[in-house]
Amino acid sequence: MDVGLEGGFVALADQRQTIAAQGGTLEAVLTAIAEEVPRLGRRIFTAYGALASELDVRVNGVDARLLGGLGAVLRYGDHVSLAPYPLRPLTPRQAERYARQMILGEVGAAGQARLAAARVAVIGAGGLGAPAATYLAAAGVGQLVIVDGDRVERSNLHRQPVHRDADVGRPKAESAADSLRALNPDIEVSAVSEFLTAQNALDILQGCDVIVNGSDNFPTRYLVSDAAVLLGRPLVDASILRFEGRLAVYLPRQGCYRCLFPEPPPPGSVPSCAEAGVIGALGGQMGSMQALEAIKLITGAGESLGGRMLVYDALTGEQRRFSLTLDPQCAVCGDPPRQTELIDYEAFCGVLGPQQAEEGLGISVPEALALRADPRVQWLDVRAGGALDRPTIPGALRLPLEELGRGEALDGQRPVVVFCEIGRRSMLAAERLSRHGIRARSLEGGIVAWTAAGLDLSS
Ligand SMILES: [Zn+2]
């Protein structure tokens with residue numbers, strides 16, 4: 001590829017405006033350039049081989065630090081540009097405010113300028129979003145977008161100290177924004193008092209350099225992850241439950257939440273904080289770590305957690321780290337992706353809205369039994385692959401939910417009764433089939449209810 005040179009770098013390269021270099025990562029490409037033009041190499045790399053802080057390196061116009069720095073994955077047709085980073089002087093108040101972090105070599109004046117120029121979205125002003133946004137605001141991130149459609153409840157305050165007792169009843173995004181503006185009048189905070197949806201997500205997140213997810217439900221988690229992939233921006237994701245916290249950073253082209261969890265868990269199978277409880281200080285811990293990872297991405301300091309997940313057990317104080325593997329077949333970040341736009345995440349996660357529940361996708365055992373005589377009805381067992389050799393309802397097609405797709409293996413003209421062990425996976429399957437125009441009902445209570453009614457299975 002041709003790497004474009006801008007500003008003072010053109011003179012360093014004997015007036016060349018582009019240099020050809022090949023490589024699958026930014027490191028390979030920049031190393032090739034540094035070897036060809038050593039004078040430029042000294043402006044690209046530090047003595048320790050890191051990206052020089054006063055280097056502005058962009059891939060398709062996006063700061064390469066946000067894509068994983070030297071580890072950024074390059075593809076055929078990408079445009080890489082190099083220029084000196086334009087430093088703007090700080091006011092005396094700013095210099096005083098940020099003095100303690102600017103003396104860190106990894107931040108410095110260039111890192112502070114990058115923070116000031118950055119725009120970060122924080123999804124949820126709750127247990128994670130509140131501390132994350134607080135530290136991002138305090139560090140001088142120039143623009144913060146706080147997205148939350150909820151109102152402050154008194155039961156939030158033990159873990160969301162960005163809100164005060166007097167804020168109970170106010171929209172959370174506004175309450176958080178006021179608090180952050182009071183903390184740092186230097187920055188711009190926008191409050192979006194709406195829930196993130198497939199309809200508004202791309203508009204709200206467009207132009208954000210980093211997306212920090214502090215939401216606590218699966219539909220939003222999938223939505224935010226898919227939106228980050230579509231927008232090509234890094235996602236700093238975290239979750240907390242009881243005494244356990246998880247933190248993961250997904251860099252563009254280097255995996256996403258869907259690579260790990262292609263299918264959501266059955267609705268109701270993972271308890272919420274409201275059901276299972278959570279300790280407030282854990283949110284403070286994980287939210288602060290989210291802020292830290294976002295600051296590292298923006299400034300290029302250290303090594304990002306990109307491609308890894310950190311699990312923190314607050315009861316023992318132990319941390320474990322796991323590598324995340326990119327799934328080349330991932331529906332969203334695979335090459336080529338099968339899904340190129342946002343979908344209905346409530347439906348995808350099997351969280352039925354009131355309207356869908358009214359449509360009644362469930363079918364009771366007696367109702368299903370009455371359909372046994374109808375030869376048009378297709379019977380479908382969607383239990384996991386491990387149940388393939390277990391007895392099932394006679395005549396049923398076996399197709400684990402994970403392999404169901406859009407129901408291509410079914411006759412789309414004929415109705416389907418879907419079942420699984422207890423009726424949760426089958427509800428997801430019925431919902432998905434319905435979305436693809438197949439008339440599907442989910443057997444309530446599944447195989448367990450079927451056998452409890454004294455009905456036979458066959459192997
Ligand atoms: Zn993926």
# chains A, B, ... in the order shown; residues from 1 in each chain; ligands from 1
$ residues_around --residues "Arg321 in chain A" --least-positions-apart "2" --cutoff "7 Å" --atoms "only C-alpha atoms" --output "list in words"
Arg308, Met309, Leu310, Val311, Gln319 and Ser323 of chain A
$ write_last_selection --atoms "N, CA and C atoms" --output "PDB file, in the first residue's frame"
ATOM      1  N   ARG A 308      -8.286  -9.437  24.952  1.00  0.00           N
ATOM      2  CA  ARG A 308      -8.251 -10.243  26.172  1.00  0.00           C
ATOM      3  C   ARG A 308      -9.420  -9.891  27.083  1.00  0.00           C
ATOM      4  N   MET A 309      -9.733 -10.824  27.988  1.00  0.00           N
ATOM      5  CA  MET A 309     -10.770 -10.560  28.981  1.00  0.00           C
ATOM      6  C   MET A 309     -10.155 -10.753  30.351  1.00  0.00           C
ATOM      7  N   LEU A 310     -10.483  -9.807  31.219  1.00  0.00           N
ATOM      8  CA  LEU A 310      -9.995  -9.889  32.581  1.00  0.00           C
ATOM      9  C   LEU A 310     -11.185 -10.200  33.494  1.00  0.00           C
ATOM     10  N   VAL A 311     -11.027 -11.214  34.339  1.00  0.00           N
ATOM     11  CA  VAL A 311     -12.088 -11.566  35.273  1.00  0.00           C
ATOM     12  C   VAL A 311     -11.567 -11.313  36.676  1.00  0.00           C
ATOM     13  N   GLN A 319      -7.270 -11.853  40.034  1.00  0.00           N
ATOM     14  CA  GLN A 319      -7.593 -11.505  38.654  1.00  0.00           C
ATOM     15  C   GLN A 319      -7.062 -12.592  37.740  1.00  0.00           C
ATOM     16  N   SER A 323      -7.217 -14.976  26.789  1.00  0.00           N
ATOM     17  CA  SER A 323      -7.137 -14.438  25.429  1.00  0.00           C
ATOM     18  C   SER A 323      -8.457 -14.683  24.731  1.00  0.00           C
TER      19      SER A 323
END
$ residues_near_ligand --ligand "ligand 1" --cutoff "10 Å" --atoms "only C-alpha atoms and all ligand atoms" --output "list in words"
Ser225, Asp226, Val229, Tyr250, Pro252, Arg253, Gln254, Gly255, Cys256, Tyr257, Arg258, Cys259, Leu260, Phe261, Pro262, Thr325, Leu326, Asp327, Pro328, Gln329, Cys330, Ala331, Val332, Cys333, Gly334, Asp335 and Pro337 of chain A
$ select_by_dssp --residues "range 109-339 of chain A" --states "strand (DSSP E or B)" --output "VMD selection string"
chain A and resid 119 to 123 143 to 147 151 171 188 to 192 210 to 213 235 to 242 244 to 250 278 306 308 to 313 318 to 323
$ select_by_dssp --residues "range 203-244 of chain A" --states "helix (DSSP H, G or I)" --output "PyMOL selection string"
chain A and resi 203-205+218-231
$ atom_distance --atom1 "CA of Ala99 in chain A" --atom2 "CA of Asn184 in chain A"
14.5 Å
$ decode --residues "range 287-354 of chain A" --atoms "C-alpha atoms" --output "short mmCIF file (atom, residue, chain, number, x, y, z; two decimals), in the first residue's frame"
data_model
loop_
_atom_site.label_atom_id
_atom_site.label_comp_id
_atom_site.auth_asym_id
_atom_site.auth_seq_id
_atom_site.Cartn_x
_atom_site.Cartn_y
_atom_site.Cartn_z
CA GLY A 287 -15.77 1.22 35.73
CA SER A 288 -12.44 2.87 36.64
CA MET A 289 -10.64 0.15 34.71
CA GLN A 290 -12.86 0.88 31.72
CA ALA A 291 -11.88 4.54 31.95
CA LEU A 292 -8.24 3.51 32.16
CA GLU A 293 -8.46 1.29 29.07
CA ALA A 294 -10.18 4.09 27.15
CA ILE A 295 -7.43 6.54 28.21
CA LYS A 296 -4.76 4.02 27.15
CA LEU A 297 -6.37 3.65 23.73
CA ILE A 298 -6.62 7.41 23.20
CA THR A 299 -3.10 8.24 24.39
CA GLY A 300 -1.48 5.05 23.12
CA ALA A 301 -0.01 4.44 26.60
CA GLY A 302 1.14 0.93 27.44
CA GLU A 303 -0.48 -2.16 26.08
CA SER A 304 -4.23 -2.19 25.71
CA LEU A 305 -6.27 -5.09 27.05
CA GLY A 306 -7.40 -5.54 23.42
CA GLY A 307 -8.14 -9.16 22.56
CA ARG A 308 -8.25 -10.24 26.17
CA MET A 309 -10.77 -10.56 28.98
CA LEU A 310 -10.00 -9.89 32.58
CA VAL A 311 -12.09 -11.57 35.27
CA TYR A 312 -11.86 -10.11 38.76
CA ASP A 313 -13.08 -12.01 41.80
CA ALA A 314 -13.69 -9.38 44.47
CA LEU A 315 -14.06 -11.95 47.24
CA THR A 316 -10.51 -13.26 46.81
CA GLY A 317 -8.97 -10.22 45.12
CA GLU A 318 -7.73 -12.44 42.30
CA GLN A 319 -7.59 -11.50 38.65
CA ARG A 320 -7.36 -13.87 35.72
CA ARG A 321 -6.80 -12.96 32.10
CA PHE A 322 -7.95 -14.90 29.08
CA SER A 323 -7.14 -14.44 25.43
CA LEU A 324 -10.13 -13.87 23.19
CA THR A 325 -10.06 -15.60 19.86
CA LEU A 326 -11.33 -14.02 16.70
CA ASP A 327 -13.96 -16.17 15.03
CA PRO A 328 -13.36 -15.98 11.26
CA GLN A 329 -16.97 -17.14 10.81
CA CYS A 330 -18.36 -14.41 13.11
CA ALA A 331 -21.65 -13.10 11.72
CA VAL A 332 -20.65 -9.49 12.33
CA CYS A 333 -16.84 -9.15 12.24
CA GLY A 334 -16.05 -12.16 10.01
CA ASP A 335 -14.67 -11.50 6.54
CA PRO A 336 -17.06 -11.20 4.81
CA PRO A 337 -19.69 -10.54 7.49
CA ARG A 338 -23.17 -12.07 7.17
CA GLN A 339 -24.75 -9.25 9.15
CA THR A 340 -24.01 -5.75 7.91
CA GLU A 341 -26.63 -3.75 9.78
CA LEU A 342 -28.15 -3.59 13.24
CA ILE A 343 -30.99 -6.01 14.00
CA ASP A 344 -33.82 -6.32 16.53
CA TYR A 345 -31.82 -7.19 19.66
CA GLU A 346 -34.82 -7.70 21.93
CA ALA A 347 -35.99 -10.40 19.56
CA PHE A 348 -32.48 -11.78 19.05
CA CYS A 349 -32.09 -12.20 22.80
CA GLY A 350 -35.55 -13.67 23.13
CA VAL A 351 -36.73 -10.85 25.35
CA LEU A 352 -40.26 -10.65 24.07
CA GLY A 353 -41.90 -7.27 23.96
CA PRO A 354 -45.56 -7.01 25.07
#
